[in-house]
Every structure is written in C-alpha cells, then in structure tokens.
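Structure data follow from final19.txt (compact mmCIF, C-alpha atoms and all ligand atoms):
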```
# COMPACT_ATOMS: atom_id res chain seq x y z
CA MET Y 132 0.00 0.00 0.00
CA GLU Y 133 1.25 3.48 -0.90
CA LEU Y 134 1.71 6.03 1.91
CA LYS Y 135 -1.17 8.12 0.54
CA GLU Y 136 -3.41 5.07 0.46
CA LYS Y 137 -2.31 4.15 3.97
CA ILE Y 138 -3.34 7.57 5.33
CA ALA Y 139 -6.71 7.26 3.62
CA PHE Y 140 -7.10 3.79 5.06
CA TYR Y 141 -6.28 5.04 8.60
CA LYS Y 142 -8.78 7.86 8.18
CA VAL Y 143 -11.52 5.44 7.20
CA CYS Y 144 -10.75 3.34 10.28
CA PHE Y 145 -10.54 6.48 12.43
CA ASP Y 146 -13.87 7.85 11.23
CA SER Y 147 -15.72 4.56 11.30
CA MET Y 148 -15.23 4.09 15.06
CA GLN Y 149 -18.32 4.28 17.21
CA ALA Y 150 -16.68 6.42 19.87
CA GLY Y 151 -15.55 9.95 19.19
CA ILE Y 152 -11.81 10.59 19.17
CA LEU Y 153 -10.53 14.02 19.98
CA VAL Y 154 -6.86 14.95 20.02
CA PHE Y 155 -5.55 18.28 21.27
CA ASN Y 156 -2.18 19.79 22.06
CA ASN Y 157 -0.65 21.53 25.05
CA GLU Y 158 -2.59 24.69 24.18
CA ARG Y 159 -5.80 22.65 24.02
CA ASP Y 160 -6.12 23.36 20.28
CA ILE Y 161 -7.99 20.60 18.54
CA VAL Y 162 -5.65 18.89 16.12
CA LEU Y 163 -7.71 15.86 15.22
CA ALA Y 164 -11.39 14.89 15.56
CA ASN Y 165 -13.11 11.97 13.89
CA ILE Y 166 -16.57 12.07 12.34
CA PRO Y 167 -18.41 10.75 15.45
CA ILE Y 168 -17.13 13.84 17.34
CA SER Y 169 -18.65 16.06 14.66
CA LEU Y 170 -21.90 14.13 14.85
CA ILE Y 171 -22.02 14.19 18.64
CA PHE Y 172 -21.21 17.90 19.01
CA GLU Y 173 -22.96 18.95 15.75
CA TYR Y 174 -19.93 20.84 14.44
CA SER Y 175 -18.31 20.27 11.02
CA SER Y 176 -14.74 18.93 10.93
CA GLU Y 177 -13.55 22.33 9.69
CA GLU Y 178 -15.27 24.17 12.51
CA LEU Y 179 -13.81 21.80 15.07
CA ARG Y 180 -10.28 22.33 13.97
CA LYS Y 181 -10.63 26.11 14.44
CA PHE Y 182 -11.16 26.20 18.16
CA LYS Y 183 -9.96 24.80 21.45
CA ALA Y 184 -11.15 21.54 22.97
CA CYS Y 185 -12.51 23.46 25.99
CA LYS Y 186 -15.38 24.78 23.85
CA LEU Y 187 -16.83 21.28 23.76
CA PHE Y 188 -17.11 20.93 27.55
CA LYS Y 189 -18.93 22.79 30.28
CA ASN Y 190 -15.93 22.66 32.59
CA CYS Y 191 -12.50 22.99 31.03
CA GLY Y 192 -10.72 22.49 34.33
CA VAL Y 193 -10.58 18.73 33.81
CA LEU Y 194 -8.78 19.08 30.47
CA LYS Y 195 -6.29 21.61 31.86
CA ASN Y 196 -5.63 19.34 34.79
CA PHE Y 197 -5.14 16.34 32.55
CA ILE Y 198 -2.54 18.18 30.49
CA ILE Y 199 -0.53 18.95 33.65
CA HIS Y 200 -1.09 15.66 35.56
CA SER Y 201 -1.78 13.19 32.77
CA ASP Y 202 -0.18 10.27 34.58
CA LYS Y 203 -2.41 10.60 37.66
CA GLN Y 204 -4.44 7.50 38.55
CA LYS Y 205 -7.81 9.22 38.13
CA TYR Y 206 -7.16 9.71 34.38
CA LYS Y 207 -6.71 5.97 33.90
CA THR Y 208 -10.41 5.28 34.46
CA LEU Y 209 -13.53 6.49 32.73
CA VAL Y 210 -14.68 10.01 33.68
CA GLU Y 211 -18.09 11.57 33.19
CA LEU Y 212 -18.20 15.13 31.85
CA ILE Y 213 -20.85 17.51 30.56
CA GLY Y 214 -20.49 18.15 26.84
CA VAL Y 215 -21.86 21.26 25.06
CA LYS Y 216 -23.25 20.97 21.52
CA LYS Y 217 -23.08 23.71 18.90
CA SER Y 218 -26.68 24.61 19.80
CA GLY Y 219 -25.59 25.13 23.42
CA GLN Y 220 -27.41 22.02 24.57
CA GLU Y 221 -25.63 20.28 27.41
CA PHE Y 222 -25.43 16.48 27.57
CA PRO Y 223 -23.53 13.81 29.50
CA VAL Y 224 -20.45 12.17 27.99
CA GLU Y 225 -18.09 9.51 29.20
CA VAL Y 226 -14.42 9.92 28.33
CA SER Y 227 -11.22 7.99 28.71
CA PHE Y 228 -8.00 10.01 28.66
CA GLY Y 229 -4.75 9.18 26.96
CA LYS Y 230 -1.43 10.89 26.23
CA ILE Y 231 0.58 10.37 23.05
CA GLU Y 232 3.81 11.77 21.74
CA TYR Y 233 4.48 12.65 18.12
CA GLU Y 234 7.76 14.04 16.87
CA GLY Y 235 8.82 14.89 20.40
CA LYS Y 236 5.64 16.82 21.20
CA PRO Y 237 2.94 15.69 23.64
CA TYR Y 238 -0.65 15.30 22.49
CA PHE Y 239 -3.71 14.40 24.46
CA LYS Y 240 -6.55 12.24 23.25
CA LEU Y 241 -10.04 11.66 24.48
CA LEU Y 242 -12.11 8.62 23.60
CA LEU Y 243 -15.65 9.97 24.06
CA THR Y 244 -19.12 8.43 24.13
CA ASP Y 245 -22.46 10.21 24.31
CA ILE Y 246 -24.20 8.65 27.34
CA SER Y 247 -27.46 10.67 27.22
CA LEU Y 248 -29.52 7.57 26.54
CA ARG Y 249 -27.86 5.55 29.28
CA LYS Y 250 -28.34 8.42 31.76
CA LYS Y 251 -31.97 8.70 30.77
CA ARG Y 252 -32.43 4.99 31.40
CA GLU Y 253 -30.61 5.23 34.72
CA LYS Y 254 -32.83 8.15 35.72
CA LYS Y 255 -35.91 6.16 34.78
CA ILE Y 256 -34.67 3.14 36.74
CA LYS Y 257 -33.95 5.42 39.70
CA SER Y 258 -37.43 6.90 39.58
CA LEU Y 259 -38.95 3.43 39.17
CA ASN Y 260 -36.91 2.27 42.14
CA TYR Y 261 -38.11 5.23 44.15
CA GLN Y 262 -41.72 4.51 43.17
CA LEU Y 263 -41.19 0.88 44.08
CA GLU Y 264 -39.71 1.80 47.46
CA GLU Y 265 -42.64 4.13 48.14
CA GLU Y 266 -45.05 1.38 47.12
CA VAL Y 267 -43.26 -1.08 49.41
CA LYS Y 268 -43.38 1.46 52.25
CA LEU Y 269 -47.11 1.92 51.69
CA ARG Y 270 -47.69 -1.82 51.56
CA ASN Y 271 -45.65 -2.21 54.75
CA ILE Y 272 -47.83 0.34 56.51
CA GLU Y 273 -50.95 -1.47 55.28
CA LEU Y 274 -49.44 -4.76 56.37
CA GLU Y 275 -48.65 -3.37 59.81
CA GLN Y 276 -52.24 -2.16 60.09
CA VAL Y 277 -53.54 -5.59 59.14
CA ILE Y 278 -51.15 -7.22 61.64
CA GLU Y 279 -52.33 -4.77 64.33
CA LYS Y 280 -55.97 -5.65 63.53
CA LEU Y 281 -55.16 -9.35 63.60
CA LYS Y 282 -53.37 -8.95 66.91
CA LYS Y 283 -56.39 -7.15 68.34
CA SER Y 284 -58.84 -9.78 67.16
CA LEU Y 285 -56.49 -12.47 68.39
CA SER Y 286 -56.35 -10.94 71.84
CA LYS Y 287 -60.15 -10.52 71.75
CA GLU Y 288 -60.37 -14.17 70.77
CA LYS Y 289 -58.01 -15.08 73.61
CA GLU Y 290 -60.08 -13.01 76.05
CA LEU Y 291 -63.20 -14.79 74.80
CA ASN Y 292 -61.58 -18.16 75.24
CA PHE Y 293 -60.47 -17.12 78.70
CA LEU Y 294 -64.04 -16.08 79.49
CA LYS Y 295 -65.39 -19.38 78.21
CA THR Y 296 -62.93 -21.35 80.32
CA LYS Y 297 -63.73 -19.20 83.33
CA PHE Y 298 -67.43 -19.60 82.67
CA ILE Y 299 -67.17 -23.38 82.56
CA ALA Y 300 -65.19 -23.34 85.81
CA LEU Y 301 -67.77 -21.01 87.36
CA ALA Y 302 -70.74 -22.94 86.10
CA SER Y 303 -69.41 -26.23 87.40
CA HIS Y 304 -68.44 -24.80 90.76
CA GLU Y 305 -70.82 -21.95 91.52
CA PHE Y 306 -73.93 -23.51 90.03
CA LYS Y 307 -73.38 -26.87 91.62
CA THR Y 308 -73.70 -25.71 95.25
CA PRO Y 309 -77.11 -24.05 94.94
CA LEU Y 310 -78.36 -26.85 92.69
CA SER Y 311 -77.48 -29.53 95.23
CA ALA Y 312 -79.01 -27.36 97.99
CA ILE Y 313 -82.21 -27.20 95.94
CA LEU Y 314 -82.10 -30.95 95.41
CA SER Y 315 -81.65 -31.74 99.10
CA SER Y 316 -84.41 -29.25 100.05
CA THR Y 317 -86.84 -30.89 97.63
CA GLU Y 318 -85.96 -34.32 98.99
CA LEU Y 319 -86.52 -33.09 102.53
CA MET Y 320 -89.79 -31.44 101.50
CA ALA Y 321 -91.01 -34.73 100.14
CA LYS Y 322 -90.19 -36.23 103.51
CA TYR Y 323 -91.98 -33.45 105.47
CA ALA Y 324 -94.96 -33.68 103.16
CA ASP Y 325 -95.41 -37.18 104.50
CA LEU Y 326 -95.23 -35.89 108.03
CA ASN Y 327 -97.37 -32.81 107.33
CA ASN Y 328 -94.74 -30.45 108.78
CA PHE Y 329 -95.79 -27.20 107.06
CA GLU Y 330 -93.35 -25.01 108.92
CA LYS Y 331 -90.33 -27.02 107.77
CA ARG Y 332 -91.76 -27.28 104.28
CA ASN Y 333 -92.10 -23.50 103.98
CA GLU Y 334 -88.59 -23.04 105.30
CA HIS Y 335 -87.25 -25.26 102.52
CA LEU Y 336 -89.50 -23.61 99.96
CA SER Y 337 -88.05 -20.20 100.73
CA LYS Y 338 -84.55 -21.70 100.66
CA ILE Y 339 -85.25 -23.10 97.19
CA LYS Y 340 -86.63 -19.74 96.11
CA SER Y 341 -83.56 -17.89 97.32
CA MET Y 342 -81.23 -20.41 95.65
CA ILE Y 343 -83.11 -20.03 92.37
CA ASN Y 344 -82.86 -16.25 92.76
CA HIS Y 345 -79.15 -16.61 93.36
CA LEU Y 346 -78.73 -18.74 90.23
CA ASN Y 347 -80.81 -16.30 88.26
CA ASN Y 348 -78.67 -13.38 89.41
CA MET Y 349 -75.51 -15.25 88.45
CA LEU Y 350 -76.86 -15.93 84.98
CA ASP Y 351 -78.00 -12.31 84.66
CA ASP Y 352 -74.51 -11.22 85.65
CA LEU Y 353 -72.90 -13.35 82.99
CA LEU Y 354 -75.31 -12.15 80.35
CA THR Y 355 -74.90 -8.48 81.25
CA LEU Y 356 -71.09 -8.62 81.12
CA GLU Y 357 -71.01 -8.41 77.33
CA ASN Y 358 -73.57 -5.59 77.11
CA ILE Y 359 -71.81 -3.48 79.68
CA GLU Y 360 -68.48 -3.83 77.92
CA SER Y 361 -69.88 -2.73 74.59
CA GLY Y 362 -71.79 0.10 76.32
CA GLU Y 363 -75.05 -1.33 74.97
CA ILE Y 364 -77.24 -0.79 77.97
CA ASN Y 365 -80.85 -0.11 77.18
CA LEU Y 366 -82.30 1.84 80.05
CA ASN Y 367 -85.82 1.05 81.06
CA ILE Y 368 -86.91 4.15 82.95
CA THR Y 369 -89.96 3.97 85.17
CA LYS Y 370 -91.32 5.99 88.03
CA PHE Y 371 -90.98 4.23 91.39
CA ASN Y 372 -90.58 4.79 95.08
CA LEU Y 373 -87.16 3.94 96.54
CA ASN Y 374 -88.97 2.40 99.54
CA ASP Y 375 -90.58 -0.24 97.33
CA LEU Y 376 -87.22 -1.10 95.81
CA ILE Y 377 -85.64 -1.43 99.26
CA ARG Y 378 -88.49 -3.63 100.44
CA ASP Y 379 -87.95 -6.02 97.50
CA ILE Y 380 -84.21 -6.22 98.10
CA TYR Y 381 -84.72 -6.76 101.82
CA LYS Y 382 -87.21 -9.57 101.18
CA ASN Y 383 -84.82 -11.37 98.83
CA SER Y 384 -81.74 -10.95 100.99
CA LYS Y 385 -83.33 -12.09 104.27
CA PRO Y 386 -82.99 -15.83 103.59
CA LEU Y 387 -79.28 -15.32 102.90
CA LEU Y 388 -78.54 -13.82 106.32
CA LYS Y 389 -76.32 -15.91 108.55
CA LYS Y 390 -77.03 -16.74 112.17
CA ASN Y 391 -77.62 -13.55 114.20
CA GLN Y 392 -76.62 -11.33 111.33
CA GLN Y 393 -78.35 -7.96 111.49
CA LEU Y 394 -79.52 -6.12 108.41
CA ILE Y 395 -80.44 -2.47 108.95
CA PHE Y 396 -81.97 -0.32 106.25
CA ASN Y 397 -81.92 3.41 106.74
CA ASN Y 398 -83.97 5.17 104.12
CA ASN Y 399 -84.47 8.89 104.60
CA ASP Y 400 -86.12 9.24 101.29
CA ASP Y 401 -89.50 8.01 100.20
CA LYS Y 402 -89.85 10.27 97.20
CA GLU Y 403 -90.67 8.85 93.84
CA ILE Y 404 -87.88 8.85 91.30
CA TYR Y 405 -87.43 8.15 87.61
CA HIS Y 406 -84.78 5.56 87.01
CA ASP Y 407 -84.02 2.04 85.87
CA TYR Y 408 -85.45 -0.11 88.65
CA LYS Y 409 -83.67 -3.28 87.53
CA ILE Y 410 -80.22 -1.74 87.23
CA ILE Y 411 -80.39 -0.10 90.66
CA THR Y 412 -81.56 -3.46 92.05
CA ILE Y 413 -78.62 -5.28 90.44
CA ILE Y 414 -76.13 -2.72 91.85
CA LEU Y 415 -77.55 -2.79 95.38
CA THR Y 416 -78.11 -6.55 95.42
CA ASN Y 417 -74.53 -7.26 94.37
CA LEU Y 418 -73.11 -5.02 97.08
CA LEU Y 419 -75.54 -6.21 99.73
CA TYR Y 420 -75.05 -9.92 98.99
CA ASN Y 421 -71.28 -9.36 99.16
CA ALA Y 422 -71.67 -7.64 102.53
CA ILE Y 423 -73.73 -10.58 103.83
CA LYS Y 424 -71.36 -13.16 102.34
CA TYR Y 425 -68.14 -11.58 103.58
CA THR Y 426 -69.49 -10.91 107.07
CA ASN Y 427 -69.56 -13.77 109.51
CA GLU Y 428 -72.32 -14.80 111.93
CA ASP Y 429 -73.38 -12.10 114.47
CA GLY Y 430 -72.11 -9.37 112.15
CA SER Y 431 -74.13 -6.41 111.01
CA ILE Y 432 -74.83 -4.76 107.67
CA LYS Y 433 -76.17 -1.25 107.24
CA VAL Y 434 -77.70 0.17 104.09
CA GLU Y 435 -78.35 3.89 103.85
CA ILE Y 436 -80.16 5.78 101.09
CA LYS Y 437 -80.26 9.53 100.63
CA SER Y 438 -80.98 11.86 97.77
CA ASN Y 439 -80.98 15.51 96.82
CA LYS Y 440 -82.22 17.31 93.75
CA LYS Y 441 -79.45 15.98 91.55
CA ASN Y 442 -78.26 12.64 92.95
CA ILE Y 443 -79.16 9.49 94.86
CA TYR Y 444 -76.57 8.25 97.37
CA PHE Y 445 -76.28 4.67 98.67
CA THR Y 446 -73.91 3.34 101.31
CA ILE Y 447 -73.56 -0.33 102.20
CA GLU Y 448 -71.48 -0.95 105.28
CA ASP Y 449 -70.46 -4.21 106.93
CA ASN Y 450 -68.18 -5.30 109.75
CA GLY Y 451 -66.92 -8.37 107.88
CA ILE Y 452 -63.59 -9.71 106.69
CA GLY Y 453 -62.58 -6.56 104.79
CA ILE Y 454 -60.35 -6.33 101.74
CA PRO Y 455 -56.55 -6.65 102.15
CA ILE Y 456 -54.96 -3.26 101.49
CA ASN Y 457 -52.57 -4.60 98.82
CA GLU Y 458 -55.46 -6.03 96.78
CA GLN Y 459 -57.86 -3.10 97.03
CA ASN Y 460 -56.84 -1.65 93.65
CA LEU Y 461 -57.91 -4.86 91.88
CA ILE Y 462 -61.34 -5.60 93.19
CA PHE Y 463 -63.20 -4.09 90.23
CA THR Y 464 -61.18 -6.24 87.82
CA ARG Y 465 -63.23 -9.00 86.25
CA PHE Y 466 -62.77 -12.39 87.95
CA PHE Y 467 -60.54 -10.94 90.64
CA ARG Y 468 -61.09 -12.33 94.13
CA ALA Y 469 -59.02 -11.27 97.15
CA LYS Y 470 -57.04 -13.96 98.97
CA ASN Y 471 -59.17 -13.79 102.12
CA ALA Y 472 -62.34 -14.24 99.99
CA LEU Y 473 -61.34 -17.58 98.54
CA TYR Y 474 -63.00 -19.51 101.41
CA TYR Y 475 -66.33 -17.99 100.39
CA PRO Y 476 -68.25 -18.83 97.19
CA GLY Y 477 -68.04 -16.27 94.42
CA THR Y 478 -67.24 -15.52 90.81
CA GLY Y 479 -65.37 -12.23 90.88
CA ILE Y 480 -67.67 -10.60 88.34
CA GLY Y 481 -70.19 -8.79 90.55
CA LEU Y 482 -68.17 -5.66 91.26
CA ASN Y 483 -67.00 -5.49 87.65
CA ILE Y 484 -70.64 -5.38 86.57
CA VAL Y 485 -71.56 -2.87 89.27
CA LYS Y 486 -68.78 -0.54 88.17
CA GLY Y 487 -69.74 -0.96 84.50
CA TYR Y 488 -73.35 -0.03 85.19
CA ILE Y 489 -72.39 2.93 87.36
CA GLN Y 490 -70.00 4.26 84.74
CA ASN Y 491 -72.68 3.92 82.08
CA LEU Y 492 -75.07 5.88 84.27
CA ASN Y 493 -72.42 8.61 84.85
CA GLY Y 494 -72.32 7.78 88.53
CA ALA Y 495 -69.43 7.08 90.91
CA ILE Y 496 -68.45 4.28 93.25
CA SER Y 497 -65.81 4.27 95.99
CA PHE Y 498 -65.02 2.17 99.05
CA GLU Y 499 -63.02 2.06 102.24
CA SER Y 500 -62.03 -1.20 103.82
CA THR Y 501 -59.87 -2.55 106.62
CA GLU Y 502 -59.06 -6.23 106.82
CA ASN Y 503 -60.94 -7.97 109.67
CA LYS Y 504 -62.84 -4.75 110.49
CA GLY Y 505 -65.20 -4.18 107.59
CA THR Y 506 -66.00 -2.44 104.37
CA ILE Y 507 -68.12 0.48 103.25
CA PHE Y 508 -69.14 1.03 99.64
CA LYS Y 509 -70.46 4.46 98.56
CA ILE Y 510 -72.38 5.07 95.37
CA GLN Y 511 -73.62 8.20 93.76
CA LEU Y 512 -76.09 8.01 90.89
CA PRO Y 513 -77.35 11.11 89.08
CA LYS Y 514 -81.11 11.42 88.94
CA LEU Y 515 -82.44 11.46 85.41
CA ASN Y 516 -83.57 14.91 84.31
CA THR Y 517 -86.99 15.94 83.04
CA TYR Y 518 -85.87 15.94 79.40
CA GLU Y 519 -84.82 12.28 79.63
CA GLN Y 520 -88.04 11.42 81.43
CA GLU Y 521 -90.10 13.12 78.73
CA SER Y 522 -88.15 11.60 75.85
CA ILE Y 523 -88.60 8.16 77.37
CA THR Y 524 -92.32 8.47 78.14
CA ASN Y 525 -93.09 10.01 74.73
P1 LIG B 1 -67.31 -12.33 94.27
O1 LIG B 1 -68.25 -13.18 93.51
O2 LIG B 1 -65.98 -12.97 94.48
O3 LIG B 1 -67.90 -11.84 95.54
P2 LIG B 1 -67.23 -9.58 93.39
O4 LIG B 1 -66.86 -9.04 92.06
O5 LIG B 1 -68.56 -9.25 93.89
O6 LIG B 1 -66.98 -11.11 93.29
O7 LIG B 1 -66.15 -9.06 94.40
C1 LIG B 1 -64.78 -9.10 94.07
C2 LIG B 1 -63.93 -9.30 95.30
O8 LIG B 1 -63.99 -8.12 96.11
C3 LIG B 1 -64.40 -10.40 96.19
O9 LIG B 1 -63.94 -11.65 95.76
C4 LIG B 1 -63.80 -9.98 97.52
O10 LIG B 1 -62.45 -10.31 97.57
C5 LIG B 1 -63.90 -8.47 97.47
N1 LIG B 1 -65.12 -7.95 98.17
C6 LIG B 1 -66.19 -7.42 97.59
N2 LIG B 1 -67.07 -6.99 98.53
C7 LIG B 1 -66.54 -7.26 99.73
C8 LIG B 1 -66.94 -7.06 101.09
N3 LIG B 1 -68.11 -6.47 101.40
N4 LIG B 1 -66.11 -7.46 102.06
C9 LIG B 1 -64.91 -8.05 101.77
N5 LIG B 1 -64.47 -8.27 100.50
C10 LIG B 1 -65.27 -7.88 99.50
```
How would this structure read if it were set down as structure tokens?
Amino acid sequence: MELKEKIAFYKVCFDSMQAGILVFNNERDIVLANIPISLIFEYSSEELRKFKACKLFKNCGVLKNFIIHSDKQKYKTLVELIGVKKSGQEFPVEVSFGKIEYEGKPYFKLLLTDISLRKKREKKIKSLNYQLEEEVKLRNIELEQVIEKLKKSLSKEKELNFLKTKFIALASHEFKTPLSAILSSTELMAKYADLNNFEKRNEHLSKIKSMINHLNNMLDDLLTLENIESGEINLNITKFNLNDLIRDIYKNSKPLLKKNQQLIFNNNDDKEIYHDYKIITIILTNLLYNAIKYTNEDGSIKVEIKSNKKNIYFTIEDNGIGIPINEQNLIFTRFFRAKNALYYPGTGIGLNIVKGYIQNLNGAISFESTENKGTIFKIQLPKLNTYEQESITN
C-alpha cells in the first residue's frame, strides 16, 4: 500500500469508530477529531479544527488538569463530563483520557461516548426504584395495620376463650352448690310432706326460692357482662318509690342472712324517682349480697339511702372480713377475688358489673375497707332529668 493510500485507510478506520476521538495539544487546540465527534457535538470537521477543545465541555478544568497531571491515577479510568453541543445544549459524555507523543511533542486524546440515553435509562430506573420503594413502604404500613388488627382480634379471641374457660369453671363450681341445695331441700320437702310439717316445708320452699334467685342473678350477671363492655345498655326508665325497691331487696336478701346477722336499712327518702329499677336493684343486690357473704355470723350490715335534687346516694357498710390493702386496687377487675375471699363462694364478676353499670349511668363508686374490720361502699347516681323522662315516656 502506498503512503497516501495508507493515510486514507487510517482515516476510514478512524472515522468509522463508534466512539468519538478528539486529540488536542498543550494549548488545548484541537488537532484531530473523527466524524463521530462532529456528529455528537454537531460541528463540522472544519469548525472543530478552528477552536480549542474546551469549547466542547462545560468545565474545562478537567482538560487543563489532565494536560498537567496526565499520569495521575484518576485519568486511567472512565470520567463523566458535561459536553456542550453547537446549539448550546448540554449532555452527559463519558471519556477515557490518553497521552501520546508525536515528533517529540505531547498530544492528548479523548475517547468519548455520548451517554445521554444511558443516563436517561438510569434516571428512569432510579425513579422506578423510588416509586417501588414508596409502594413497598405503603404496603408495609398497610401490612402493619392488618397485623395490628389481627393482633387485636387475636387478643379478643383469647379473652373470649379465657371467658369461656372461666365460665365453665364457674358454672361447674358456683352452680353446683345451689343446685345440690335445691335438690336436698326438695328431697326433705317430700319427707316433710309425708309428716305434714308445714313449717319445715315452707322453710325449705323459701330456701329453694332464694337459691333459684341466686342462680338467676348469676346468669344475669354473665349475660350483662357483654352488654356493659360494649356500652349497649338499654335503660328502662320507670317511676318508682325507693322504699318499694328497698323492700324487694330486703325480702330477697333475708334468707341469705347468717345466724344472728343484722340487716339495717336506713332510708331517709320516700320520694318517687325516675330511674331504671332493675339496674339499681342489680347494683344494690350485688353489694348487699357481698356484705352478707363476707361478714360472719353475728355481724351487722347497714344500708343507707339519701338523695338531693341531683343525685341518689347509697352506702352499704359491713363489719366483715374486709379487703386486704394490697389487693384493694384490683377488686373491680373481672374475675378478681381477694385472697381472704377464697373460702367464700363467688365468681369475681359482681363488682366489675356494678362498676360498668355505674359508669354507664355517669355515677361514681368508691369504698373504704380494713381487713378484719369491715367495708363500706359508697355510690352516687345522678337522677335522670326531666328531658330524659319526657323523651322516654313520649
Ligand atoms: P365475688 O363473687 O368474688 O364476691 P365480686 O366481684 O362481687 O366477686 O367481688 C370481688 C372481690 O372483692 C371479692 O372476691 C372480695 O375479695 C372483694 N369484696 C367485695 N365486697 C366485699 C366485702 N363487702 N367485704 C370483703 N371483700 C369484698
């Protein structure tokens, strides 16, 4: 091949490369640029040869630096720069630096690729990644909410299971005693019927009645637990005299009294009130039956009722076993029974129900107790106002 042909051949190879090749001298004058450089920067080959290499880049500092420190490590790897087209449009390029010597003079070459497309893709991937991360975060939050819900329903389920287990234990223990008392009373009644002993028969009849009442109250308690918790208490307001209510409670509690136990009612109020007769009965009965149960023979129980324009006040006082000081904060907790109460029958739900009802009626309950001395419970219930009375009777 002739020299002329060789040069032409090199030029073809030089121009047919995919990457742009730019060669400049110490003064940064462009001495050689292949066709891809023209295409990338949108200048003609003639135009390119007229100016300095710096014109093609946003920051010329890198080129200047390379000329001075060309053997530095950082110029041995690919570097990203911002190129500037003839139109002034900026775009990302990736370059690799190299130094050459020709006829004793140093020259500097850049192998350059337009990476706009790659950058665009990277940006898109970044934004997709960001979207994905946000989506994952959102899903995680949703997942946490679902887990929280599941945990709640699981603990509700556990509580329900606990209640069921407790109920079975209660039913087998607490229901058995009155049921066998009823059974033995009926057997004895059959015996007295033969002997025509009416007095004994009536005694057993009232015992049976009181045991059935007791069972009924226990069942009522269990059934009301759920309603109280969900706040679904339907008030049944009627007009009644507190004296009548007290008389009913007294009649029902009399058979439960132990030997020589005294029950004193002190009612300074015989006015008629509007309220829920059944709920007040449940509250007072629970507290009174507890007072009777936790007071031994010869003890005394006092019930006092007062009222003013706004409230009704009840106090139930006994001189029984009392509540140990270190357990007093727990007695309204469902199923809780103090250590000294374990010798007495009970379910540990009565006070929980009482408190639930009182809270629902916007009332208040408090107590003072000393172990082996006695206990006093105090209740305050707001009277229902005329508006409520009217809305209920209408
Ligand atoms: P229980 O069926 O056990 O009587 P309650 O809910 O009515 O359940 O009462 C809870 C606990 O409070 C009782 O087990 C007992 O320890 C204590 N308590 C309630 N009333 C009295 C009282 N008058 N005297 C002593 N302890 C009482």
**Message:** Distance limit 9 Å, reference ligand LIG 1 (chain B), atoms considered: all atoms listed in the file. Which residues make the cut? Give them as a ChimeraX atom specification.
**Reply:** /Y:417-426,447-455,458-459,461-473,475-485,500-503,505-508
**Separation of CA of Leu179 (chain Y) from CA of Val162 (chain Y) in Å** =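 Computing the Euclidean distance for CA of Val162 (chain Y) and CA of Leu179 (chain Y) yields 8.7 Å.
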**Request:** Quote the spacing between CA of Asn271 (chain Y) and CA of Leu285 (chain Y) in Å to one decimal place.
**Result:**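 Separation of CA of Asn271 (chain Y) and CA of Leu285 (chain Y): 20.2 Å.
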**Request:** Provide the CA of Lys251 (chain Y) to CA of Gly219 (chain Y) distance in Å, to one decimal place.
**Result:** 19.1 Å
**Prompt:** If we count only C-alpha atoms, what is near Thr369 (chain Y) at a cut-off of 8 Å, once residues fewer than 4 positions away on the same chain are taken out, given as a list in words?
**Reply:** Tyr405, His406, Asp407 and Tyr408 of chain Y
